[in-house]
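Text of my_file-v4.cif (mmCIF, C-alpha atoms) as supplied:
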data_start
loop_
_atom_site.group_PDB
_atom_site.id
_atom_site.type_symbol
_atom_site.label_atom_id
_atom_site.label_comp_id
_atom_site.auth_asym_id
_atom_site.auth_seq_id
_atom_site.Cartn_x
_atom_site.Cartn_y
_atom_site.Cartn_z
ATOM 1 C CA MET A 1229 -44.668 -2.133 -25.119
ATOM 2 C CA SER A 1230 -42.856 -0.264 -22.323
ATOM 3 C CA ARG A 1231 -40.830 2.884 -22.892
ATOM 4 C CA HIS A 1232 -37.692 0.973 -21.906
ATOM 5 C CA ALA A 1233 -38.362 -1.784 -24.432
ATOM 6 C CA ARG A 1234 -39.033 0.776 -27.171
ATOM 7 C CA ALA A 1235 -35.769 2.563 -26.343
ATOM 8 C CA LEU A 1236 -33.926 -0.734 -26.419
ATOM 9 C CA ARG A 1237 -35.384 -1.645 -29.809
ATOM 10 C CA ALA A 1238 -34.686 1.814 -31.153
ATOM 11 C CA SER A 1239 -31.088 1.754 -30.000
ATOM 12 C CA LEU A 1240 -30.090 -1.795 -30.875
ATOM 13 C CA ARG A 1241 -30.512 -3.549 -34.179
ATOM 14 C CA VAL A 1242 -29.497 -7.202 -34.040
ATOM 15 C CA LEU A 1243 -27.549 -8.224 -37.106
ATOM 16 C CA GLU A 1244 -26.710 -11.659 -38.389
ATOM 17 C CA GLY A 1245 -24.036 -13.455 -36.395
ATOM 18 C CA GLY A 1246 -25.138 -11.944 -33.086
ATOM 19 C CA LYS A 1247 -23.524 -8.550 -33.752
ATOM 20 C CA ALA A 1248 -25.388 -5.462 -32.631
ATOM 21 C CA THR A 1249 -25.122 -1.884 -33.764
ATOM 22 C CA VAL A 1250 -26.360 1.314 -32.197
ATOM 23 C CA ALA A 1251 -29.016 3.319 -33.992
ATOM 24 C CA GLN A 1252 -28.483 6.957 -34.957
ATOM 25 C CA SER A 1253 -28.586 9.358 -32.012
ATOM 26 C CA GLU A 1254 -27.745 12.923 -32.882
ATOM 27 C CA ASN A 1255 -29.034 14.698 -29.783
ATOM 28 C CA PRO A 1256 -27.561 14.104 -26.312
ATOM 29 C CA ASP A 1257 -30.865 12.995 -24.759
ATOM 30 C CA LYS A 1258 -31.185 10.176 -27.268
ATOM 31 C CA ARG A 1259 -27.531 9.277 -26.723
ATOM 32 C CA ASP A 1260 -28.147 9.053 -22.965
ATOM 33 C CA ASP A 1261 -31.204 6.893 -23.637
ATOM 34 C CA THR A 1262 -29.073 4.703 -25.882
ATOM 35 C CA ILE A 1263 -26.441 4.200 -23.200
ATOM 36 C CA ALA A 1264 -29.125 3.656 -20.553
ATOM 37 C CA SER A 1265 -30.713 1.010 -22.753
ATOM 38 C CA LEU A 1266 -27.378 -0.784 -23.132
ATOM 39 C CA HIS A 1267 -27.032 -1.264 -19.371
ATOM 40 C CA PRO A 1268 -29.754 -3.917 -18.922
ATOM 41 C CA VAL A 1269 -28.437 -5.794 -21.929
ATOM 42 C CA TYR A 1270 -24.703 -5.706 -21.146
ATOM 43 C CA GLY A 1271 -24.573 -4.801 -17.427
ATOM 44 C CA PRO A 1272 -25.029 -8.339 -16.041
ATOM 45 C CA ALA A 1273 -22.577 -9.807 -18.572
ATOM 46 C CA LEU A 1274 -20.021 -7.126 -17.672
ATOM 47 C CA ALA A 1275 -20.497 -7.888 -13.977
ATOM 48 C CA ARG A 1276 -19.753 -11.575 -14.626
ATOM 49 C CA PHE A 1277 -16.770 -10.571 -16.787
ATOM 50 C CA PHE A 1278 -15.282 -8.547 -13.923
ATOM 51 C CA GLN A 1279 -16.167 -11.088 -11.195
ATOM 52 C CA ARG A 1280 -14.150 -13.754 -12.999
ATOM 53 C CA ARG A 1281 -11.125 -11.483 -13.266
ATOM 54 C CA ILE A 1282 -10.804 -9.627 -9.951
ATOM 55 C CA LEU A 1283 -10.654 -10.679 -6.321
ATOM 56 C CA GLU A 1284 -12.434 -7.668 -4.817
ATOM 57 C CA HIS A 1285 -16.028 -8.301 -5.839
ATOM 58 C CA ALA A 1286 -17.045 -5.057 -4.129
ATOM 59 C CA ASP A 1287 -15.385 -3.200 -7.028
ATOM 60 C CA VAL A 1288 -17.426 -4.924 -9.748
ATOM 61 C CA ASP A 1289 -20.225 -2.332 -9.810
ATOM 62 C CA ASP A 1290 -17.681 0.491 -10.014
ATOM 63 C CA LEU A 1291 -15.954 -1.179 -12.951
ATOM 64 C CA VAL A 1292 -19.245 -1.723 -14.794
ATOM 65 C CA GLN A 1293 -20.110 1.923 -14.178
ATOM 66 C CA GLU A 1294 -16.690 2.972 -15.514
ATOM 67 C CA VAL A 1295 -17.377 1.101 -18.772
ATOM 68 C CA PHE A 1296 -20.646 2.965 -19.297
ATOM 69 C CA LEU A 1297 -19.027 6.249 -18.282
ATOM 70 C CA ARG A 1298 -16.410 5.755 -20.990
ATOM 71 C CA LEU A 1299 -19.146 4.953 -23.504
ATOM 72 C CA SER A 1300 -20.934 8.143 -22.494
ATOM 73 C CA ARG A 1301 -17.762 10.210 -22.839
ATOM 74 C CA ARG A 1302 -17.142 8.783 -26.282
ATOM 75 C CA GLY A 1303 -20.359 10.310 -27.485
ATOM 76 C CA ASP A 1304 -21.658 9.084 -30.819
ATOM 77 C CA LEU A 1305 -21.827 5.298 -30.946
ATOM 78 C CA THR A 1306 -23.340 5.105 -34.423
ATOM 79 C CA ASP A 1307 -20.136 4.163 -36.203
ATOM 80 C CA ILE A 1308 -19.650 1.013 -34.092
ATOM 81 C CA THR A 1309 -20.731 -2.073 -35.970
ATOM 82 C CA ASN A 1310 -20.180 -4.551 -33.118
ATOM 83 C CA ILE A 1311 -21.279 -2.762 -29.963
ATOM 84 C CA GLY A 1312 -20.910 -5.885 -27.797
ATOM 85 C CA GLY A 1313 -17.299 -6.350 -28.850
ATOM 86 C CA TYR A 1314 -16.631 -2.654 -28.303
ATOM 87 C CA ILE A 1315 -18.150 -2.768 -24.816
ATOM 88 C CA PHE A 1316 -16.092 -5.773 -23.778
ATOM 89 C CA GLN A 1317 -12.906 -4.276 -25.251
ATOM 90 C CA THR A 1318 -13.654 -1.171 -23.165
ATOM 91 C CA ALA A 1319 -14.111 -3.454 -20.135
ATOM 92 C CA ALA A 1320 -10.721 -5.066 -20.804
ATOM 93 C CA ASN A 1321 -9.162 -1.590 -21.001
ATOM 94 C CA VAL A 1322 -10.828 -0.619 -17.712
ATOM 95 C CA LEU A 1323 -9.232 -3.692 -16.103
ATOM 96 C CA LYS A 1324 -5.824 -2.810 -17.550
ATOM 97 C CA ASP A 1325 -6.105 0.754 -16.270
ATOM 98 C CA ARG A 1326 -7.158 -0.505 -12.836
ATOM 99 C CA LEU A 1327 -4.156 -2.847 -12.701
ATOM 100 C CA ARG A 1328 -1.822 -0.087 -13.870
ATOM 101 C CA HIS A 1329 -3.200 2.241 -11.199
ATOM 102 C CA ARG A 1330 -2.868 -0.394 -8.462
ATOM 103 C CA MET A 1331 0.694 -1.210 -9.520
ATOM 104 C CA SER A 1332 1.729 2.425 -9.451
ATOM 105 C CA ARG A 1333 0.188 2.905 -6.020
ATOM 106 C CA GLN A 1334 1.301 -0.502 -4.698
ATOM 107 C CA THR A 1335 -2.003 -0.723 -2.834
ATOM 108 C CA ALA A 1336 -1.446 -4.395 -2.005
ATOM 109 C CA ASP A 1337 1.606 -3.416 0.072
ATOM 110 C CA HIS A 1338 -0.241 -0.860 2.193
ATOM 111 C CA ASN A 1339 -1.208 -1.664 5.741
ATOM 112 C CA LEU A 1340 -4.181 -0.032 7.361
ATOM 113 C CA LEU A 1341 -3.267 2.218 10.256
ATOM 114 C CA ASP A 1342 -4.647 0.758 13.430
ATOM 115 C CA ASP A 1343 -4.976 3.166 16.331
ATOM 116 C CA GLN A 1344 -4.345 0.327 18.771
ATOM 117 C CA LYS A 1345 -0.900 -0.354 17.299
ATOM 118 C CA ILE A 1346 0.333 3.218 17.645
ATOM 119 C CA ASP A 1347 2.395 3.824 20.723
ATOM 120 C CA ASP A 1348 0.962 6.716 22.740
ATOM 121 C CA THR A 1349 4.466 8.083 23.292
ATOM 122 C CA ALA A 1350 5.466 7.861 19.618
ATOM 123 C CA PHE A 1351 5.174 11.619 19.186
ATOM 124 C CA SER A 1352 5.467 12.827 22.741
ATOM 125 C CA PRO A 1353 7.011 16.286 23.253
ATOM 126 C CA GLU A 1354 10.080 14.681 24.851
ATOM 127 C CA ARG A 1355 10.682 12.403 21.902
ATOM 128 C CA VAL A 1356 10.251 15.269 19.437
ATOM 129 C CA LEU A 1357 12.767 17.362 21.403
ATOM 130 C CA VAL A 1358 15.282 14.498 21.513
ATOM 131 C CA GLY A 1359 14.846 14.018 17.764
ATOM 132 C CA LYS A 1360 15.453 17.711 17.069
ATOM 133 C CA GLU A 1361 18.545 17.738 19.270
ATOM 134 C CA THR A 1362 19.929 14.629 17.552
ATOM 135 C CA LEU A 1363 19.348 16.180 14.159
ATOM 136 C CA SER A 1364 21.061 19.366 15.283
ATOM 137 C CA HIS A 1365 24.100 17.427 16.532
ATOM 138 C CA LEU A 1366 24.320 15.382 13.321
ATOM 139 C CA SER A 1367 24.117 18.574 11.237
ATOM 140 C CA ALA A 1368 26.960 20.067 13.268
ATOM 141 C CA ALA A 1369 28.984 16.854 12.867
ATOM 142 C CA LEU A 1370 28.367 16.908 9.104
ATOM 143 C CA ALA A 1371 29.620 20.503 8.990
ATOM 144 C CA GLU A 1372 32.913 19.328 10.552
ATOM 145 C CA LEU A 1373 33.647 17.169 7.485
ATOM 146 C CA PRO A 1374 35.553 18.453 4.432
ATOM 147 C CA ASP A 1375 33.323 20.081 1.792
ATOM 148 C CA ARG A 1376 33.733 17.298 -0.763
ATOM 149 C CA THR A 1377 32.844 14.605 1.797
ATOM 150 C CA GLN A 1378 29.801 16.642 2.879
ATOM 151 C CA MET A 1379 28.686 16.998 -0.725
ATOM 152 C CA ILE A 1380 29.097 13.283 -1.438
ATOM 153 C CA PHE A 1381 27.195 12.370 1.734
ATOM 154 C CA VAL A 1382 24.331 14.719 0.880
ATOM 155 C CA LEU A 1383 24.132 13.442 -2.704
ATOM 156 C CA CYS A 1384 24.138 9.787 -1.642
ATOM 157 C CA ARG A 1385 22.067 9.801 1.548
ATOM 158 C CA LEU A 1386 19.787 12.795 1.226
ATOM 159 C CA GLU A 1387 19.385 13.062 -2.547
ATOM 160 C CA GLY A 1388 19.320 9.283 -2.964
ATOM 161 C CA LEU A 1389 21.842 9.114 -5.817
ATOM 162 C CA GLN A 1390 23.798 5.929 -6.391
ATOM 163 C CA TYR A 1391 27.560 5.946 -5.968
ATOM 164 C CA ALA A 1392 28.130 5.626 -9.726
ATOM 165 C CA ALA A 1393 25.915 8.648 -10.426
ATOM 166 C CA VAL A 1394 27.731 10.724 -7.792
ATOM 167 C CA ALA A 1395 31.109 9.647 -9.177
ATOM 168 C CA LYS A 1396 30.082 10.673 -12.684
ATOM 169 C CA LYS A 1397 28.623 13.967 -11.489
ATOM 170 C CA LEU A 1398 31.779 14.920 -9.571
ATOM 171 C CA GLY A 1399 34.261 13.410 -12.021
ATOM 172 C CA ILE A 1400 35.790 10.990 -9.519
ATOM 173 C CA SER A 1401 35.923 7.214 -9.230
ATOM 174 C CA VAL A 1402 33.280 5.108 -7.533
ATOM 175 C CA SER A 1403 35.979 3.942 -5.141
ATOM 176 C CA SER A 1404 36.571 7.562 -4.059
ATOM 177 C CA VAL A 1405 32.863 8.026 -3.435
ATOM 178 C CA ASP A 1406 32.872 4.846 -1.344
ATOM 179 C CA LYS A 1407 35.835 6.092 0.712
ATOM 180 C CA HIS A 1408 34.234 9.521 1.301
ATOM 181 C CA MET A 1409 30.979 7.844 2.368
ATOM 182 C CA ALA A 1410 32.825 5.514 4.769
ATOM 183 C CA LYS A 1411 34.639 8.510 6.249
ATOM 184 C CA ALA A 1412 31.393 10.451 6.668
ATOM 185 C CA MET A 1413 29.530 7.518 8.208
ATOM 186 C CA ASP A 1414 32.356 6.753 10.661
ATOM 187 C CA HIS A 1415 32.497 10.402 11.731
ATOM 188 C CA LEU A 1416 28.715 10.708 12.150
ATOM 189 C CA MET A 1417 28.441 7.406 14.067
ATOM 190 C CA CYS A 1418 31.252 8.500 16.369
ATOM 191 C CA ARG A 1419 29.469 11.793 17.094
ATOM 192 C CA LEU A 1420 26.197 9.971 17.618
ATOM 193 C CA LYS A 1421 27.830 7.674 20.201
ATOM 194 C CA ASP A 1422 29.236 10.733 21.992
ATOM 195 C CA LEU A 1423 25.695 12.094 22.214
ATOM 196 C CA ARG A 1424 24.457 9.043 24.110
#
Take the structure in the file and give it back as structure tokens.
Amino acid sequence: MSRHARALRASLRVLEGGKATVAQSENPDKRDDTIASLHPVYGPALARFFQRRILEHADVDDLVQEVFLRLSRRGDLTDITNIGGYIFQTAANVLKDRLRHRMSRQTADHNLLDDQKIDDTAFSPERVLVGKETLSHLSAALAELPDRTQMIFVLCRLEGLQYAAVAKKLGISVSSVDKHMAKAMDHLMCRLKDLR
């Protein structure tokens, strides 16, 4: 009998009903052997589990590895009576975490940057200088506005607050915020047209 087969027998005890339990493993080397012996038994089934549930089949091996990494981090597996169920529940949690991560990063909405699509003059010294001058002129035009209008413009456009939040913060009506914003935008657009 091979060393691998002995480790597998030592680590798994098949119970009635197809449930498996992990044998006692107090020292870390035995625990690592236990987890290593679980991979040939559950690895292919986990791969099929992930292949049926995700589109990017290149990620399947990483997801299987993540399951076994979580088992390793957990440490002692002796108190688990249904190791197969535990492994597949861990796999389901890995999928949920992956989805949560992808949703927070919105990876599906990202476009790869293609060097061919970038205009060579996009960041030319001339364009940078024109941008700095425009920003300088708009800052000067903003300074010409009354303080309250400046503050409302900064809160709405630069801080990203909604009109209702600005109105509440300053103790004025939403209509007043709207009027101040219209005044600021008209003034800045007028100054911008003078620049061209």
Exercise. Give as an MDAnalysis selection string each residue that has an atom at most 9 Å from (-22.2, 6.5, -24.6) in the file, counting all atoms listed in the file.
Key: chainID A and resid 1259:1260 1262:1264 1296:1305
Practice problem: Give as a ChimeraX atom specification the residues that the PyMOL selection byres ((chain A and resi 1295) around 12) matches when applied to the coordinates above. | Solution: /A:1263,1266-1267,1270-1271,1274-1275,1277-1278,1288-1294,1296-1302,1312,1314-1323,1325-1326
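Among the candidates A:Ala1273, A:Leu1398, A:Ile1308, A:Leu1416, the residue lying nearest to Leu1383 (chain A) is A:Leu1398 (atoms considered: only C-alpha atoms).
Across A:Val1405, A:Val1382, A:Ala1286, A:Leu1370, the tightest approach to Arg1419 (chain A) is made by A:Leu1370 when counting all atoms listed in the file.
Our summary of the geometry notes that CA of Asp1422 (chain A) is positioned 22.9 Å from CA of Leu1386 (chain A).
You will find CA of Lys1411 (chain A) at 28.0 Å from CA of Leu1357 (chain A).
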Quiz item: Which residues, written as a ChimeraX atom specification, have at least one atom at most 12 Å from region 1364-1366 of chain A, with all atoms listed in the file counted and residues fewer than 4 positions away on the same chain left out?
Solution: /A:1357-1360,1370-1373,1378,1412-1413,1415-1424
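In this comparison, which uses all atoms listed in the file, the residue of A:Ser1404, A:Gln1279, A:Thr1362, A:Pro1353 approaching Arg1376 (chain A) most closely is A:Ser1404.
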Exercise. Quick one: pull the distance between CA of Arg1280 (chain A) and CA of Arg1333 (chain A), Å, one decimal.
Key: 23.1 Å
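Remark: for Ile1311 (chain A), the closest of the candidate residues A:Ser1367, A:Ala1410, A:Ser1352, A:Val1269 is A:Val1269 (distances computed over only C-alpha atoms).
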